[in-house]
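Heads up, start-v8.csv below (CSV, C-alpha atoms):
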```csv
chain,number,residue,atom,x,y,z
A,68,VAL,CA,-81.9,-107.7,-100.3
A,69,THR,CA,-83.7,-108.1,-103.6
A,70,PRO,CA,-87.3,-107.4,-104.6
A,71,SER,CA,-88.0,-111.2,-104.6
A,72,GLY,CA,-86.7,-111.7,-101.0
A,73,THR,CA,-84.0,-111.2,-98.5
A,74,TYR,CA,-80.9,-113.5,-98.6
A,75,ILE,CA,-78.7,-114.0,-95.5
A,76,TYR,CA,-75.5,-115.9,-95.2
A,77,ASP,CA,-74.6,-117.6,-91.9
A,78,ALA,CA,-70.8,-118.0,-92.0
A,79,SER,CA,-70.8,-120.3,-88.9
A,80,LYS,CA,-73.0,-122.8,-90.8
A,81,ASN,CA,-71.8,-122.0,-94.3
A,82,GLN,CA,-75.5,-121.7,-95.0
A,83,TRP,CA,-77.6,-119.3,-97.1
A,84,SER,CA,-81.3,-118.6,-96.3
A,85,LYS,CA,-84.1,-116.8,-98.0
A,86,ASP,CA,-86.5,-115.0,-95.8
A,87,THR,CA,-85.2,-117.1,-92.9
A,88,ILE,CA,-85.7,-120.4,-94.8
A,89,PRO,CA,-82.4,-122.3,-95.3
A,90,ILE,CA,-81.4,-122.9,-98.9
A,91,ALA,CA,-79.3,-125.9,-99.9
A,92,GLY,CA,-76.7,-125.6,-102.6
A,93,ALA,CA,-76.7,-121.7,-102.6
A,94,GLU,CA,-73.7,-119.5,-103.4
A,95,PHE,CA,-73.0,-115.8,-103.9
A,96,ASN,CA,-71.2,-114.5,-107.0
A,97,ARG,CA,-69.3,-111.4,-105.8
A,98,ALA,CA,-68.5,-110.3,-109.3
A,99,THR,CA,-72.1,-110.3,-110.6
A,100,GLY,CA,-73.9,-109.9,-107.3
A,101,GLU,CA,-76.0,-113.0,-108.1
A,102,ILE,CA,-77.3,-115.7,-105.7
A,103,ILE,CA,-77.0,-119.0,-107.5
A,104,ILE,CA,-78.9,-122.0,-106.1
A,105,ARG,CA,-77.8,-125.4,-107.4
A,106,LYS,CA,-80.7,-127.8,-106.8
A,107,ASP,CA,-78.7,-130.6,-108.4
A,108,ALA,CA,-76.2,-131.2,-111.2
A,109,ASP,CA,-78.7,-130.1,-113.9
A,110,ASN,CA,-80.9,-127.5,-112.2
A,111,THR,CA,-79.9,-124.0,-111.1
A,112,ILE,CA,-81.9,-120.9,-110.0
A,113,THR,CA,-80.1,-117.6,-110.4
A,114,THR,CA,-81.4,-114.4,-108.6
A,115,LYS,CA,-80.0,-111.0,-109.6
A,116,LEU,CA,-79.8,-108.0,-107.2
A,117,ASN,CA,-82.7,-106.3,-109.2
A,118,GLY,CA,-84.9,-109.3,-108.3
A,119,GLU,CA,-84.9,-111.0,-111.7
A,120,VAL,CA,-84.7,-114.8,-111.6
A,121,THR,CA,-83.5,-117.3,-114.2
A,122,THR,CA,-84.1,-121.0,-113.9
A,123,LEU,CA,-82.1,-123.5,-116.0
A,124,ASN,CA,-82.8,-127.3,-116.4
A,125,LYS,CA,-80.0,-128.8,-118.5
A,126,ALA,CA,-81.6,-132.2,-118.4
A,127,ALA,CA,-84.8,-130.9,-120.1
A,128,GLY,CA,-83.2,-129.7,-123.3
A,129,ASN,CA,-81.5,-126.7,-121.6
A,130,LEU,CA,-84.9,-125.3,-120.5
A,131,LYS,CA,-84.3,-121.7,-119.5
A,132,THR,CA,-86.9,-119.4,-118.1
A,133,GLU,CA,-86.4,-115.8,-117.2
A,134,PHE,CA,-88.7,-113.8,-114.8
A,135,ASP,CA,-88.7,-110.1,-114.0
A,136,ALA,CA,-88.7,-108.7,-110.4
A,137,LYS,CA,-92.6,-109.0,-110.4
A,138,GLY,CA,-92.4,-112.7,-111.2
A,139,GLU,CA,-93.7,-112.3,-114.7
A,140,VAL,CA,-92.1,-114.3,-117.6
A,141,LYS,CA,-89.5,-112.3,-119.7
A,142,ALA,CA,-88.3,-115.2,-121.9
A,143,ILE,CA,-88.3,-118.9,-122.2
A,144,SER,CA,-86.2,-121.2,-124.4
A,145,SER,CA,-85.1,-124.8,-124.9
A,146,ASP,CA,-83.7,-127.1,-127.5
A,147,TYR,CA,-87.2,-128.4,-128.1
A,148,ILE,CA,-89.5,-125.3,-128.1
A,149,GLY,CA,-87.1,-122.7,-129.5
A,150,SER,CA,-87.2,-119.3,-127.8
A,151,LEU,CA,-89.8,-116.7,-126.9
A,152,LYS,CA,-88.8,-113.2,-125.8
A,153,ARG,CA,-90.9,-110.4,-124.4
A,154,GLN,CA,-90.8,-107.1,-126.2
A,155,GLN,CA,-92.8,-104.0,-126.7
A,156,ASP,CA,-95.8,-104.4,-129.0
A,157,SER,CA,-95.0,-102.5,-132.3
A,158,PHE,CA,-98.7,-101.5,-132.6
A,159,ASP,CA,-99.3,-100.4,-129.0
A,160,SER,CA,-96.4,-99.0,-126.9
A,161,THR,CA,-98.4,-99.6,-123.7
A,162,LYS,CA,-98.5,-103.4,-124.3
A,163,THR,CA,-96.0,-106.2,-124.7
A,164,THR,CA,-95.9,-109.3,-126.8
A,165,PHE,CA,-93.7,-112.3,-127.2
A,166,VAL,CA,-91.7,-113.0,-130.3
A,167,ASP,CA,-90.3,-116.4,-131.4
A,168,ASP,CA,-86.9,-117.1,-132.9
A,169,LYS,CA,-88.4,-116.8,-136.4
A,170,GLY,CA,-89.6,-113.2,-135.7
A,171,ILE,CA,-93.2,-114.1,-135.4
A,172,SER,CA,-95.0,-112.1,-132.7
A,173,GLY,CA,-98.4,-112.4,-131.0
A,174,TYR,CA,-97.6,-115.0,-128.4
A,175,LYS,CA,-98.9,-114.6,-124.9
A,176,VAL,CA,-96.7,-116.2,-122.1
A,177,THR,CA,-97.6,-116.2,-118.4
A,178,LYS,CA,-96.7,-118.1,-115.2
A,179,GLY,CA,-99.3,-120.8,-114.5
A,180,LEU,CA,-100.0,-123.3,-111.8
A,181,LEU,CA,-97.2,-125.3,-110.2
A,182,ASP,CA,-94.7,-122.9,-111.7
A,183,SER,CA,-95.5,-123.9,-115.2
A,184,VAL,CA,-95.1,-121.5,-118.1
A,185,ASP,CA,-98.3,-121.2,-120.2
A,186,ILE,CA,-98.0,-120.2,-123.8
A,187,THR,CA,-100.8,-119.1,-126.1
A,188,LYS,CA,-99.8,-119.1,-129.7
A,189,PRO,CA,-100.9,-116.6,-132.3
A,190,ASN,CA,-103.4,-119.1,-133.7
A,191,GLY,CA,-104.9,-119.7,-130.3
A,192,ASP,CA,-103.3,-123.1,-129.6
A,193,ARG,CA,-101.7,-123.5,-126.2
A,194,ALA,CA,-98.6,-125.1,-124.7
A,195,PHE,CA,-97.7,-125.8,-121.1
A,196,VAL,CA,-94.0,-126.2,-120.0
A,197,MET,CA,-93.3,-127.5,-116.4
A,198,PRO,CA,-90.0,-126.7,-114.7
A,199,ASN,CA,-89.0,-130.4,-114.9
A,200,GLY,CA,-89.4,-130.2,-118.7
A,201,LEU,CA,-92.7,-132.0,-119.1
A,202,ARG,CA,-94.7,-130.3,-121.8
A,203,GLY,CA,-98.3,-130.4,-123.2
A,204,GLU,CA,-99.8,-128.8,-126.3
A,205,MET,CA,-103.4,-128.5,-127.1
A,206,THR,CA,-105.7,-126.9,-129.6
A,207,ALA,CA,-107.5,-123.6,-128.8
A,208,ASP,CA,-110.8,-125.4,-128.2
A,209,GLY,CA,-109.1,-128.0,-125.9
A,210,THR,CA,-110.4,-131.0,-127.8
A,211,GLN,CA,-107.0,-132.3,-128.9
A,212,SER,CA,-103.7,-132.5,-127.1
A,213,ARG,CA,-100.1,-133.9,-127.3
A,214,TRP,CA,-97.9,-134.6,-124.3
A,215,PHE,CA,-94.1,-134.9,-124.1
A,216,ASP,CA,-91.6,-136.0,-121.4
A,217,LYS,CA,-88.5,-134.0,-120.5
A,218,ASN,CA,-86.5,-135.6,-123.3
A,219,ASN,CA,-89.0,-134.4,-125.9
A,220,GLN,CA,-90.4,-137.9,-126.4
A,221,LEU,CA,-94.0,-138.0,-127.3
A,222,THR,CA,-96.0,-139.7,-124.5
A,223,GLN,CA,-99.6,-139.3,-125.5
A,224,VAL,CA,-101.9,-138.0,-128.3
A,225,ARG,CA,-105.6,-137.3,-127.6
A,226,ASP,CA,-108.5,-136.0,-129.7
A,227,GLY,CA,-112.2,-135.9,-129.1
A,228,ILE,CA,-112.6,-139.7,-129.7
A,229,ASP,CA,-109.2,-141.4,-129.5
A,230,SER,CA,-106.3,-141.7,-127.1
A,231,TYR,CA,-102.9,-143.0,-128.1
A,232,LEU,CA,-100.6,-143.6,-125.1
A,233,ILE,CA,-96.9,-144.3,-125.8
A,234,ASP,CA,-95.8,-147.1,-123.5
A,235,ARG,CA,-92.0,-147.3,-123.0
A,236,THR,CA,-92.0,-149.6,-120.0
A,237,ASP,CA,-89.7,-151.8,-122.1
A,238,PRO,CA,-87.5,-149.3,-124.0
A,239,ASP,CA,-86.6,-152.0,-126.5
A,240,LYS,CA,-90.2,-152.7,-127.3
A,241,PRO,CA,-92.2,-149.5,-127.2
A,242,GLN,CA,-95.9,-149.7,-128.0
A,243,VAL,CA,-99.0,-147.6,-128.6
A,244,ILE,CA,-102.0,-148.3,-126.5
A,245,HIS,CA,-105.0,-147.1,-128.5
A,246,GLN,CA,-108.4,-146.4,-126.8
A,247,SER,CA,-111.5,-145.2,-128.6
A,248,ASP,CA,-114.7,-144.2,-126.8
A,249,GLY,CA,-116.7,-147.3,-126.1
A,250,ALA,CA,-114.2,-149.6,-127.9
A,251,ALA,CA,-111.7,-152.2,-126.6
A,252,VAL,CA,-108.1,-151.2,-126.0
A,253,THR,CA,-105.8,-152.0,-128.9
A,254,LYS,CA,-102.0,-152.4,-128.3
A,255,MET,CA,-99.5,-152.3,-131.2
A,256,PRO,CA,-95.7,-152.1,-131.5
A,257,ILE,CA,-93.9,-149.0,-132.6
A,258,LEU,CA,-91.5,-150.1,-135.4
A,259,ASP,CA,-88.5,-148.2,-136.5
A,260,ALA,CA,-86.8,-147.9,-139.9
A,261,ASN,CA,-84.8,-151.2,-139.3
A,262,ALA,CA,-88.0,-153.3,-138.7
A,263,SER,CA,-88.1,-156.4,-140.8
A,264,ALA,CA,-90.6,-157.1,-143.6
A,265,ALA,CA,-92.1,-159.9,-141.4
A,266,ASP,CA,-92.7,-157.4,-138.5
A,267,LYS,CA,-94.3,-154.9,-140.9
A,268,ALA,CA,-96.6,-157.7,-142.2
A,269,ASN,CA,-98.3,-157.9,-138.8
A,270,TYR,CA,-101.0,-155.3,-138.5
A,271,PRO,CA,-101.7,-153.0,-136.8
A,272,TYR,CA,-98.4,-151.3,-136.0
A,273,ALA,CA,-97.2,-147.7,-135.4
A,274,THR,CA,-94.3,-145.6,-136.5
A,275,LEU,CA,-93.1,-142.5,-134.8
A,276,ASP,CA,-91.1,-139.7,-136.5
A,277,LYS,CA,-88.8,-138.5,-133.7
A,278,ALA,CA,-87.9,-135.3,-135.5
A,279,THR,CA,-91.5,-134.0,-136.0
A,280,GLY,CA,-93.4,-136.0,-133.4
A,281,ALA,CA,-95.8,-137.4,-136.1
A,282,LEU,CA,-97.4,-140.6,-135.1
A,283,THR,CA,-98.6,-143.0,-137.8
A,284,ILE,CA,-101.0,-145.9,-137.3
A,285,HIS,CA,-100.7,-148.6,-140.0
A,286,ASN,CA,-104.1,-150.4,-140.0
A,287,ASP,CA,-103.3,-152.8,-142.8
A,288,ALA,CA,-101.3,-153.1,-146.1
A,289,ASN,CA,-103.6,-150.5,-147.8
A,290,SER,CA,-104.4,-147.9,-145.2
A,291,ALA,CA,-102.7,-145.7,-142.6
A,292,TYR,CA,-103.2,-142.4,-140.9
A,293,THR,CA,-100.9,-139.9,-139.3
A,294,LYS,CA,-101.4,-137.5,-136.4
A,295,ASN,CA,-99.2,-134.5,-137.0
A,296,SER,CA,-97.6,-132.1,-134.5
A,297,ASP,CA,-99.8,-129.3,-135.7
A,298,PHE,CA,-102.9,-131.5,-135.1
A,299,SER,CA,-103.5,-132.0,-138.8
A,300,THR,CA,-104.2,-135.5,-140.0
A,301,ILE,CA,-103.0,-137.4,-143.0
A,302,SER,CA,-105.0,-140.4,-144.3
A,303,ARG,CA,-103.4,-142.8,-146.8
A,304,MET,CA,-105.2,-145.4,-148.9
A,305,SER,CA,-103.9,-147.6,-151.7
A,306,ASP,CA,-105.4,-150.1,-154.1
A,307,GLY,CA,-103.0,-151.9,-156.3
A,308,ASN,CA,-101.0,-149.4,-158.3
A,309,ALA,CA,-103.0,-146.3,-157.2
A,310,SER,CA,-102.9,-144.4,-153.9
A,311,THR,CA,-104.6,-141.4,-152.3
A,312,THR,CA,-103.3,-139.3,-149.5
A,313,ILE,CA,-105.7,-136.8,-147.9
A,314,LEU,CA,-104.5,-134.0,-145.6
A,315,SER,CA,-107.0,-132.4,-143.2
A,316,ASP,CA,-106.5,-129.5,-140.8
A,317,LYS,CA,-107.0,-129.7,-137.1
A,318,VAL,CA,-110.8,-129.2,-137.3
A,319,GLY,CA,-111.2,-131.8,-140.1
A,320,ASN,CA,-111.4,-129.4,-143.1
A,321,LEU,CA,-109.9,-130.8,-146.3
A,322,VAL,CA,-106.5,-129.2,-147.2
A,323,SER,CA,-105.2,-131.3,-150.1
A,324,ILE,CA,-105.5,-134.6,-151.9
A,325,GLU,CA,-102.5,-136.3,-153.5
A,326,THR,CA,-103.3,-139.1,-156.0
A,327,SER,CA,-100.6,-141.3,-157.4
A,328,LYS,CA,-101.0,-143.9,-160.2
A,329,THR,CA,-98.4,-146.3,-161.6
A,330,VAL,CA,-98.8,-148.0,-165.0
A,331,ASP,CA,-96.1,-150.0,-166.8
A,332,GLY,CA,-93.5,-148.8,-164.4
A,333,HIS,CA,-94.4,-145.1,-164.9
A,334,THR,CA,-95.9,-143.0,-162.1
A,335,ILE,CA,-97.8,-139.8,-162.1
A,336,SER,CA,-98.4,-138.0,-158.8
A,337,VAL,CA,-100.7,-134.9,-158.5
A,338,THR,CA,-101.7,-132.8,-155.5
A,339,THR,CA,-104.8,-130.7,-155.5
A,340,ASP,CA,-106.2,-128.3,-152.9
A,341,ALA,CA,-109.7,-128.3,-151.4
A,342,SER,CA,-111.1,-126.5,-154.4
A,343,GLY,CA,-109.7,-129.1,-156.8
A,344,ARG,CA,-106.9,-126.8,-158.2
A,345,VAL,CA,-103.7,-128.5,-159.0
A,346,ARG,CA,-100.9,-127.4,-156.6
A,347,SER,CA,-98.1,-129.6,-157.7
A,348,ALA,CA,-97.3,-132.7,-159.8
A,349,THR,CA,-94.6,-135.1,-160.7
A,350,LEU,CA,-95.0,-136.4,-164.2
A,351,PRO,CA,-93.9,-139.9,-165.5
A,352,ASP,CA,-90.8,-138.5,-167.1
A,353,GLY,CA,-89.7,-136.9,-163.8
A,354,SER,CA,-90.8,-133.4,-164.7
A,355,LYS,CA,-92.1,-131.3,-161.8
A,356,VAL,CA,-95.0,-128.9,-162.0
A,357,GLU,CA,-95.5,-126.2,-159.3
A,358,TYR,CA,-98.3,-123.8,-158.7
A,359,VAL,CA,-97.1,-120.1,-158.6
A,360,PRO,CA,-99.6,-117.9,-156.7
A,361,GLY,CA,-100.4,-114.4,-157.9
A,362,ASP,CA,-101.9,-111.3,-156.3
A,363,SER,CA,-105.3,-112.9,-156.1
A,364,ALA,CA,-107.0,-116.3,-156.2
A,365,HIS,CA,-107.6,-116.0,-159.9
A,366,ASP,CA,-104.1,-114.6,-160.7
A,367,HIS,CA,-101.8,-117.6,-160.8
A,368,SER,CA,-99.5,-119.6,-163.1
A,369,TYR,CA,-97.6,-122.9,-163.2
A,370,LEU,CA,-93.9,-123.6,-163.7
A,371,LYS,CA,-92.8,-126.9,-165.3
A,372,THR,CA,-89.3,-128.1,-164.7
A,373,SER,CA,-87.9,-130.9,-166.7
A,374,PRO,CA,-85.4,-133.5,-165.3
A,375,ASP,CA,-82.5,-131.6,-167.0
A,376,GLY,CA,-83.5,-128.4,-165.2
A,377,LYS,CA,-85.2,-126.5,-168.1
A,378,THR,CA,-88.2,-124.5,-167.0
A,379,GLU,CA,-91.3,-123.6,-168.9
A,380,ALA,CA,-94.3,-121.5,-167.9
A,381,ILE,CA,-97.6,-123.4,-168.6
A,382,GLY,CA,-101.2,-122.7,-168.2
A,383,GLY,CA,-104.7,-124.4,-168.2
A,384,VAL,CA,-103.5,-127.1,-165.8
A,385,THR,CA,-106.1,-129.7,-164.9
A,386,TYR,CA,-106.0,-133.3,-163.8
A,387,ASP,CA,-108.4,-136.3,-163.8
A,388,ILE,CA,-107.1,-139.7,-162.9
A,389,GLY,CA,-108.9,-141.1,-165.9
A,390,ALA,CA,-108.4,-138.4,-168.5
A,391,GLY,CA,-104.8,-137.6,-167.5
A,392,PHE,CA,-102.8,-134.4,-166.7
A,393,LYS,CA,-103.5,-131.6,-169.2
A,394,TYR,CA,-101.9,-128.2,-169.8
A,395,SER,CA,-101.2,-125.7,-172.5
A,396,ASP,CA,-97.5,-125.2,-173.4
A,397,THR,CA,-95.8,-121.9,-174.5
A,398,LYS,CA,-96.9,-122.6,-178.1
A,399,ALA,CA,-100.5,-122.9,-177.0
A,400,ASN,CA,-100.5,-126.7,-177.8
A,401,LEU,CA,-102.7,-128.8,-175.5
A,402,GLN,CA,-100.6,-131.5,-173.8
A,403,THR,CA,-102.1,-134.6,-172.2
A,404,ILE,CA,-99.9,-136.7,-170.1
A,405,ASN,CA,-101.1,-140.2,-169.2
A,406,ALA,CA,-100.0,-142.3,-166.3
A,407,ASP,CA,-98.2,-144.8,-168.5
A,408,GLY,CA,-95.9,-142.0,-169.7
A,409,THR,CA,-97.5,-141.6,-173.2
A,410,ARG,CA,-98.3,-138.1,-174.3
A,411,VAL,CA,-100.9,-136.6,-176.7
A,412,GLU,CA,-100.1,-133.1,-178.2
A,413,THR,CA,-103.0,-131.2,-179.8
A,414,ASP,CA,-102.4,-128.2,-182.0
A,415,VAL,CA,-105.7,-126.4,-181.5
A,416,THR,CA,-105.0,-123.9,-184.3
A,417,GLN,CA,-104.2,-126.4,-187.1
A,418,GLY,CA,-106.1,-129.4,-185.8
A,419,LYS,CA,-103.1,-131.7,-185.7
A,420,ILE,CA,-102.9,-134.4,-183.0
A,421,LYS,CA,-99.6,-136.1,-182.3
A,422,TYR,CA,-99.1,-139.2,-180.2
A,423,PHE,CA,-95.9,-140.0,-178.4
A,424,SER,CA,-94.6,-143.0,-176.6
A,425,ALA,CA,-93.4,-143.0,-173.0
A,426,SER,CA,-89.8,-142.7,-174.4
A,427,GLY,CA,-90.8,-139.5,-176.2
A,428,ASP,CA,-90.9,-140.9,-179.8
A,429,MET,CA,-93.9,-139.8,-182.0
A,430,THR,CA,-95.9,-142.9,-182.8
A,431,SER,CA,-98.6,-141.4,-185.0
A,432,MET,CA,-100.3,-138.2,-186.1
A,433,VAL,CA,-103.8,-137.2,-187.1
A,434,ASP,CA,-104.1,-134.2,-189.4
A,435,GLY,CA,-107.5,-132.6,-188.8
A,436,ILE,CA,-107.1,-130.4,-191.9
```
Can you dump the structure from the file as structure tokens?
Amino acid sequence: VTPSGTYIYDASKNQWSKDTIPIAGAEFNRATGEIIIRKDADNTITTKLNGEVTTLNKAAGNLKTEFDAKGEVKAISSDYIGSLKRQQDSFDSTKTTFVDDKGISGYKVTKGLLDSVDITKPNGDRAFVMPNGLRGEMTADGTQSRWFDKNNQLTQVRDGIDSYLIDRTDPDKPQVIHQSDGAAVTKMPILDANASAADKANYPYATLDKATGALTIHNDANSAYTKNSDFSTISRMSDGNASTTILSDKVGNLVSIETSKTVDGHTISVTTDASGRVRSATLPDGSKVEYVPGDSAHDHSYLKTSPDGKTEAIGGVTYDIGAGFKYSDTKANLQTINADGTRVETDVTQGKIKYFSASGDMTSMVDGI
């Protein structure tokens, strides 16, 4: 007898029943006192004497769900969603919260319809996990969603306007079926890393990052956009030797812009945030520049790392695709880096201006004094 029901074994029939209902594939573990129901080779339901129940679906990425004697979720884990465990709220001892495998708390986990487990994330986004491993994720406002099969394969992406259905009827030729409100259906193949140049020359086509679930639609040779797993969007545009990549959050707000320009085989790539502040850059000589945040929005610095690993603190960092990448070095000289790799060094105290080639050789100097 357990809080979740009464189990009776009929030796004449070698049959277990729960509350008079026969159970197929059930067995009793005398050592642990557990009733184990093997629904099939991959699915088991284990009931403890205290009424706690654990379900396990090995075929769905080892999906394991633990319920207490009241039927409330204690923990859930799988190879695909990580783990969430119930614990006492550190701010209110009368409440509980769920914590993920990274130590982040604030999750709410409940049992939903059709024995699903409903998860509300700290940011308000939601996820639904069915016992068979099917999973859905959606934004807090319900306008965007992503759906997965039991093998963690993306099956559909939806937003307020567009629907992208992943069709794997022919596993060797998967395709995306794209439908916009009021527009005709568009079908396009999903190409992998081994796709030929000829295949990639036929637009539109899609690519799917199996590790992250990011779906990218390649409209033509100069534009593409990506629907990320966190519902953010990346738009890419290129024109000759210049390209722009725009990252927007799930509600469409600008997060960052990356611009890249190549001249005479030299490339400069700079990422700025929504306010226009430089966050990172790769200069033509291979040097990296990284934004170093401070205690406030106005307290920050930059670190420049050269290809040989030498670091230098720099300041006054700005970028304009026409005027170049500018910063002040440790000697208070103003450095201007152009996309073609040439550099202009201005000594603001003595008025000297030095010009350098892409290889680093000084080509001329102007003495302002």
- Task: Counting all atoms listed in the file, find the residues whose atoms lie at most 12 Å from (-111.8, -127.1, -155.8) (file coordinates) and write them out as a list of chain:residue names.
- Result: A:Leu321, A:Val322, A:Ser323, A:Ile324, A:Thr338, A:Thr339, A:Asp340, A:Ala341, A:Ser342, A:Gly343, A:Arg344, A:Val345, A:Arg346, A:Ala364, A:Thr385, A:Tyr386
Closest atom pairs, region 258-295 of chain A residues within 12 Å of region 197-212 of chain A, all atoms listed in the file, as JSON lines:
```
{"residue": "A:Gly280", "atom": "CA", "partner": "A:Glu204", "partner_atom": "CA", "distance": 12.0}
{"residue": "A:Lys294", "atom": "CA", "partner": "A:Gln211", "partner_atom": "CA", "distance": 10.7}
{"residue": "A:Asn295", "atom": "CA", "partner": "A:Ser212", "partner_atom": "CA", "distance": 11.1}
```
Can you write out as CSV which residues of region 177-214 of chain A fall within 12 Å of region 149-168 of chain A, alongside each residue's closest atom pair and its distance in Å to one decimal, counting all atoms listed in the file and ordering rows by chain and ascending residue number?
```
residue,atom,partner,partner_atom,distance
A:Thr177,CA,A:Phe165,CA,10.4
A:Val184,CA,A:Leu151,CA,11.3
A:Asp185,CA,A:Leu151,CA,11.7
A:Ile186,CA,A:Leu151,CA,9.4
A:Thr187,CA,A:Phe165,CA,9.9
A:Lys188,CA,A:Phe165,CA,9.5
A:Pro189,CA,A:Phe165,CA,9.8
```
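For Asn308 (chain A), the list of residues within 10 Å, based on only C-alpha atoms and with local chain neighbours fewer than 2 positions off taken out, reads Ser305, Asp306, Ser310, Ser327, Lys328, Thr329, Val330, Asp331, Gly332 and Thr334 of chain A.
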- Which one of A:Asn400, A:Asn269, A:Ser144, A:Thr300 sits closest to Ala288 (chain A) if you count only C-alpha atoms?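 Closest candidate: A:Asn269.
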Would you save region 176-187 of chain A to a file, keeping N, CA, C and O atoms, as an mmCIF file, in the first residue's frame?
```
data_model
loop_
_atom_site.group_PDB
_atom_site.id
_atom_site.type_symbol
_atom_site.label_atom_id
_atom_site.label_comp_id
_atom_site.auth_asym_id
_atom_site.auth_seq_id
_atom_site.Cartn_x
_atom_site.Cartn_y
_atom_site.Cartn_z
ATOM 1 N N VAL A 176 8.103 24.586 -11.999
ATOM 2 C CA VAL A 176 7.850 23.325 -12.699
ATOM 3 C C VAL A 176 6.593 22.683 -12.124
ATOM 4 O O VAL A 176 6.489 22.471 -10.903
ATOM 5 N N THR A 177 5.640 22.383 -12.976
ATOM 6 C CA THR A 177 4.380 21.771 -12.539
ATOM 7 C C THR A 177 3.980 20.657 -13.501
ATOM 8 O O THR A 177 4.482 20.572 -14.626
ATOM 9 N N LYS A 178 3.063 19.814 -13.051
ATOM 10 C CA LYS A 178 2.500 18.770 -13.896
ATOM 11 C C LYS A 178 1.341 19.361 -14.681
ATOM 12 O O LYS A 178 0.446 19.990 -14.111
ATOM 13 N N GLY A 179 1.361 19.181 -16.005
ATOM 14 C CA GLY A 179 0.340 19.775 -16.841
ATOM 15 C C GLY A 179 -0.620 18.755 -17.422
ATOM 16 O O GLY A 179 -0.745 17.632 -16.925
ATOM 17 N N LEU A 180 -1.280 19.165 -18.501
ATOM 18 C CA LEU A 180 -2.238 18.283 -19.158
ATOM 19 C C LEU A 180 -1.537 17.103 -19.828
ATOM 20 O O LEU A 180 -0.388 17.219 -20.263
ATOM 21 N N LEU A 181 -2.215 15.985 -19.905
ATOM 22 C CA LEU A 181 -1.711 14.776 -20.570
ATOM 23 C C LEU A 181 -0.372 14.338 -19.993
ATOM 24 O O LEU A 181 0.498 13.831 -20.706
ATOM 25 N N ASP A 182 -0.202 14.547 -18.680
ATOM 26 C CA ASP A 182 1.016 14.148 -17.961
ATOM 27 C C ASP A 182 2.269 14.880 -18.442
ATOM 28 O O ASP A 182 3.393 14.397 -18.256
ATOM 29 N N SER A 183 2.108 16.033 -19.063
ATOM 30 C CA SER A 183 3.268 16.831 -19.456
ATOM 31 C C SER A 183 3.883 17.474 -18.221
ATOM 32 O O SER A 183 3.245 17.565 -17.163
ATOM 33 N N VAL A 184 5.133 17.916 -18.359
ATOM 34 C CA VAL A 184 5.772 18.724 -17.325
ATOM 35 C C VAL A 184 5.928 20.126 -17.905
ATOM 36 O O VAL A 184 6.536 20.309 -18.959
ATOM 37 N N ASP A 185 5.328 21.112 -17.230
ATOM 38 C CA ASP A 185 5.346 22.487 -17.699
ATOM 39 C C ASP A 185 6.396 23.276 -16.932
ATOM 40 O O ASP A 185 6.388 23.295 -15.695
ATOM 41 N N ILE A 186 7.287 23.918 -17.670
ATOM 42 C CA ILE A 186 8.409 24.643 -17.067
ATOM 43 C C ILE A 186 8.293 26.124 -17.418
ATOM 44 O O ILE A 186 8.158 26.482 -18.587
ATOM 45 N N THR A 187 8.351 26.969 -16.402
ATOM 46 C CA THR A 187 8.426 28.415 -16.613
ATOM 47 C C THR A 187 9.821 28.866 -16.200
ATOM 48 O O THR A 187 10.232 28.662 -15.049
#
```
